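Beneath this line is the structure, given in structure tokens, with notes to follow.
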Amino acid sequence: MARTAQPPGVRAIPGRAGLIPLWTVRCATALIGVLLGGVVWAGSAWIALPLVVAVGAAILPSTGLVALSLLLLVVSYAVNMPDGWPWLPVFVAGLHALFILYLLLLPLPRHGWISILALRALALPYLRLQALAQPVAFLALLVDDAGSNLVVVVAGVAAVSGWSLWLVRRRALRQADRVVGGTST
């Protein structure tokens, strides 16, 4: 079979306008994890552990690595950072950005492309999460001599647990609606 010539002005590879490679998102996610781990583990010989886990969780899609990375950051914050640390809201924002990016990257293949519009769509869930988390972070700063690290960690665990239960319940209700809707027609 003879190969036909491309018409003038037509590219052999389709354009990638509006797309970015997944490796850039994975690198940005790893960088956020490394920066957060470096802040809370500074001065410790154990700093390599959260850094390696954060990079691994960003590059290799694994629920276990993601959970371990987030757990290492939260626990190390609670243990290593002083009460009333003024960068707490920034740390919380970075931790939640890492959480959202990990959730994005888990189901995606290791290589490929992602739409910039898809990344922009993540801004709304991120802002919703920050609307809940930032007041808690500022409240923890106000009660800094009452053990703010414990307040932040407990509030964060409660918020994530409530959010997880809400998601599971919502998914169960949707599946029940599909089953009921499928049998009645």
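Letters A, B, ... mark the chains of the structure tokens in the order given; residue numbers begin at 1 per chain; ligand numbers begin at 1, in order shown.
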Mind checking which residues fall within 10 Å of Leu122 in chain A, counting only C-alpha atoms, ignoring those fewer than 2 positions away in the same chain, and posting them as a PyMOL selection string? chain A and resi 97+100-101+104+117-120+124-127
Can you write just those residues out, all heavy atoms, as a tab-separated table (two decimals), in the first residue's frame?
chain	number	residue	atom	x	y	z
A	97	ALA	N	-3.63	21.12	48.47
A	97	ALA	CA	-3.28	21.08	47.04
A	97	ALA	C	-2.67	19.72	46.71
A	97	ALA	O	-2.99	19.11	45.67
A	97	ALA	CB	-2.31	22.21	46.70
A	100	ILE	N	-5.51	17.10	46.57
A	100	ILE	CA	-6.30	17.19	45.33
A	100	ILE	C	-5.50	16.65	44.14
A	100	ILE	O	-6.02	15.90	43.31
A	100	ILE	CB	-6.74	18.65	45.07
A	100	ILE	CG1	-7.69	19.13	46.16
A	100	ILE	CG2	-7.33	18.81	43.68
A	100	ILE	CD1	-9.09	18.63	46.07
A	101	LEU	N	-4.22	17.00	44.06
A	101	LEU	CA	-3.40	16.51	42.95
A	101	LEU	C	-3.19	15.01	43.02
A	101	LEU	O	-3.20	14.32	41.99
A	101	LEU	CB	-2.06	17.25	42.92
A	101	LEU	CG	-2.15	18.70	42.47
A	101	LEU	CD1	-0.84	19.43	42.72
A	101	LEU	CD2	-2.55	18.79	41.01
A	104	LEU	N	-6.23	13.43	41.71
A	104	LEU	CA	-6.26	13.54	40.26
A	104	LEU	C	-5.38	12.49	39.62
A	104	LEU	O	-5.78	11.82	38.66
A	104	LEU	CB	-5.79	14.94	39.82
A	104	LEU	CG	-5.49	15.10	38.33
A	104	LEU	CD1	-6.78	15.11	37.54
A	104	LEU	CD2	-4.67	16.34	38.08
A	117	LEU	N	-8.10	22.74	30.95
A	117	LEU	CA	-9.45	22.95	31.47
A	117	LEU	C	-9.77	21.97	32.60
A	117	LEU	O	-10.45	22.33	33.55
A	117	LEU	CB	-10.48	22.81	30.35
A	117	LEU	CG	-10.45	23.89	29.27
A	117	LEU	CD1	-11.43	23.56	28.16
A	117	LEU	CD2	-10.74	25.25	29.87
A	118	ALA	N	-9.27	20.75	32.50
A	118	ALA	CA	-9.47	19.77	33.57
A	118	ALA	C	-8.76	20.22	34.84
A	118	ALA	O	-9.29	20.08	35.94
A	118	ALA	CB	-8.97	18.40	33.14
A	119	LEU	N	-7.58	20.78	34.69
A	119	LEU	CA	-6.86	21.28	35.86
A	119	LEU	C	-7.57	22.49	36.46
A	119	LEU	O	-7.63	22.64	37.68
A	119	LEU	CB	-5.42	21.63	35.49
A	119	LEU	CG	-4.53	20.44	35.12
A	119	LEU	CD1	-3.18	20.92	34.65
A	119	LEU	CD2	-4.39	19.50	36.31
A	120	ARG	N	-8.12	23.33	35.61
A	120	ARG	CA	-8.87	24.49	36.12
A	120	ARG	C	-10.13	24.05	36.85
A	120	ARG	O	-10.55	24.69	37.80
A	120	ARG	CB	-9.24	25.42	34.97
A	120	ARG	CG	-8.11	26.25	34.48
A	120	ARG	CD	-8.58	27.26	33.45
A	120	ARG	NE	-7.44	27.92	32.86
A	120	ARG	CZ	-7.45	28.48	31.69
A	120	ARG	NH1	-8.55	28.48	30.96
A	120	ARG	NH2	-6.37	29.06	31.22
A	124	LEU	N	-12.24	24.66	41.81
A	124	LEU	CA	-13.45	24.81	42.63
A	124	LEU	C	-13.45	23.86	43.82
A	124	LEU	O	-13.68	24.31	44.96
A	124	LEU	CB	-14.70	24.63	41.77
A	124	LEU	CG	-16.01	24.91	42.48
A	124	LEU	CD1	-16.06	26.33	43.01
A	124	LEU	CD2	-17.18	24.66	41.53
A	125	PRO	N	-13.17	22.56	43.64
A	125	PRO	CA	-13.09	21.71	44.83
A	125	PRO	C	-11.99	22.15	45.80
A	125	PRO	O	-12.15	22.07	47.02
A	125	PRO	CB	-12.81	20.31	44.28
A	125	PRO	CG	-13.21	20.35	42.87
A	125	PRO	CD	-13.09	21.77	42.43
A	126	TYR	N	-10.88	22.62	45.25
A	126	TYR	CA	-9.79	23.09	46.09
A	126	TYR	C	-10.24	24.30	46.92
A	126	TYR	O	-9.98	24.37	48.12
A	126	TYR	CB	-8.57	23.44	45.24
A	126	TYR	CG	-7.43	24.02	46.04
A	126	TYR	CD1	-6.66	23.21	46.86
A	126	TYR	CD2	-7.13	25.37	45.99
A	126	TYR	CE1	-5.63	23.73	47.61
A	126	TYR	CE2	-6.10	25.91	46.73
A	126	TYR	CZ	-5.35	25.08	47.53
A	126	TYR	OH	-4.32	25.60	48.27
A	127	LEU	N	-10.93	25.24	46.29
A	127	LEU	CA	-11.40	26.42	47.01
A	127	LEU	C	-12.46	26.06	48.04
A	127	LEU	O	-12.50	26.65	49.13
A	127	LEU	CB	-11.93	27.46	46.02
A	127	LEU	CG	-10.87	28.10	45.13
A	127	LEU	CD1	-11.52	29.01	44.09
A	127	LEU	CD2	-9.85	28.86	45.96
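Omitting His111 in chain A and its sequence neighbours fewer than 5 positions away, and counting only C-alpha atoms, the residues within 8 Å are Pro21, Leu22 and Trp23 of chain A.
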Leaving out Val74 in chain A and any residue of its chain fewer than 2 positions from it, which residues lie within 10 Å of it when counting only C-alpha atoms, given as a VMD selection string? chain A and resid 36 to 37 40 68 to 72 76 to 79 91 to 92 95 149 152 to 153 156 to 157
Write out as a ChimeraX atom specification which residues come within 8 Å of range 42-52 of chain A when counting only C-alpha atoms, dropping same-chain ones fewer than 3 positions away. /A:33-34,37-39,55-56,69,72-73
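Atom pair CA of Pro89 in chain A / CA of Val75 in chain A: separated by 16.3 Å.
A straight line drawn from CA of Ala30 in chain A to CA of Ala58 in chain A is 5.3 Å long.
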List every residue of range 1-135 of chain A that DSSP, applied to the backbone, labels as strand (DSSP E or B), and write the result as an MDAnalysis selection string. chainID A and resid 19:21 113:115
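Counting from CA of Arg170 in chain A, the distance to CA of Leu60 in chain A is 28.4 Å.
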Using only C-alpha atoms, which residues sit within 9 Å of Pro61 in chain A once same-chain residues fewer than 6 positions away are excluded, as a PDB file with N, CA and C atoms, in the first residue's frame?
ATOM      1  N   TYR A 102      -2.983  14.472  44.224  1.00  0.00           N
ATOM      2  CA  TYR A 102      -2.881  13.018  44.367  1.00  0.00           C
ATOM      3  C   TYR A 102      -4.164  12.345  43.887  1.00  0.00           C
ATOM      4  N   LEU A 105      -4.183  12.321  40.139  1.00  0.00           N
ATOM      5  CA  LEU A 105      -3.200  11.456  39.487  1.00  0.00           C
ATOM      6  C   LEU A 105      -3.420   9.962  39.716  1.00  0.00           C
ATOM      7  N   LEU A 106      -4.126   9.591  40.770  1.00  0.00           N
ATOM      8  CA  LEU A 106      -4.307   8.168  41.066  1.00  0.00           C
ATOM      9  C   LEU A 106      -4.888   7.366  39.897  1.00  0.00           C
ATOM     10  N   PRO A 107      -5.993   7.783  39.296  1.00  0.00           N
ATOM     11  CA  PRO A 107      -6.556   6.948  38.229  1.00  0.00           C
ATOM     12  C   PRO A 107      -5.922   7.159  36.853  1.00  0.00           C
ATOM     13  N   LEU A 108      -5.070   8.150  36.717  1.00  0.00           N
ATOM     14  CA  LEU A 108      -4.506   8.464  35.400  1.00  0.00           C
ATOM     15  C   LEU A 108      -3.286   7.586  35.098  1.00  0.00           C
ATOM     16  N   PRO A 109      -3.033   7.349  33.809  1.00  0.00           N
ATOM     17  CA  PRO A 109      -1.828   6.590  33.458  1.00  0.00           C
ATOM     18  C   PRO A 109      -0.575   7.399  33.789  1.00  0.00           C
ATOM     19  N   ARG A 110       0.543   6.715  33.835  1.00  0.00           N
ATOM     20  CA  ARG A 110       1.783   7.410  34.197  1.00  0.00           C
ATOM     21  C   ARG A 110       2.216   8.398  33.127  1.00  0.00           C
TER      22      ARG A 110
END
Looking at only C-alpha atoms, which of A:Val154, A:Leu141, A:Leu31, A:Leu165 is the one that sits closest to Trp87 in chain A? A:Leu141
From range 71-139 of chain A, collect each residue whose DSSP state is alpha helix (DSSP H) and return the set as an NGL selection string. :A and (71-80 or 88-105 or 116-121 or 123-139)
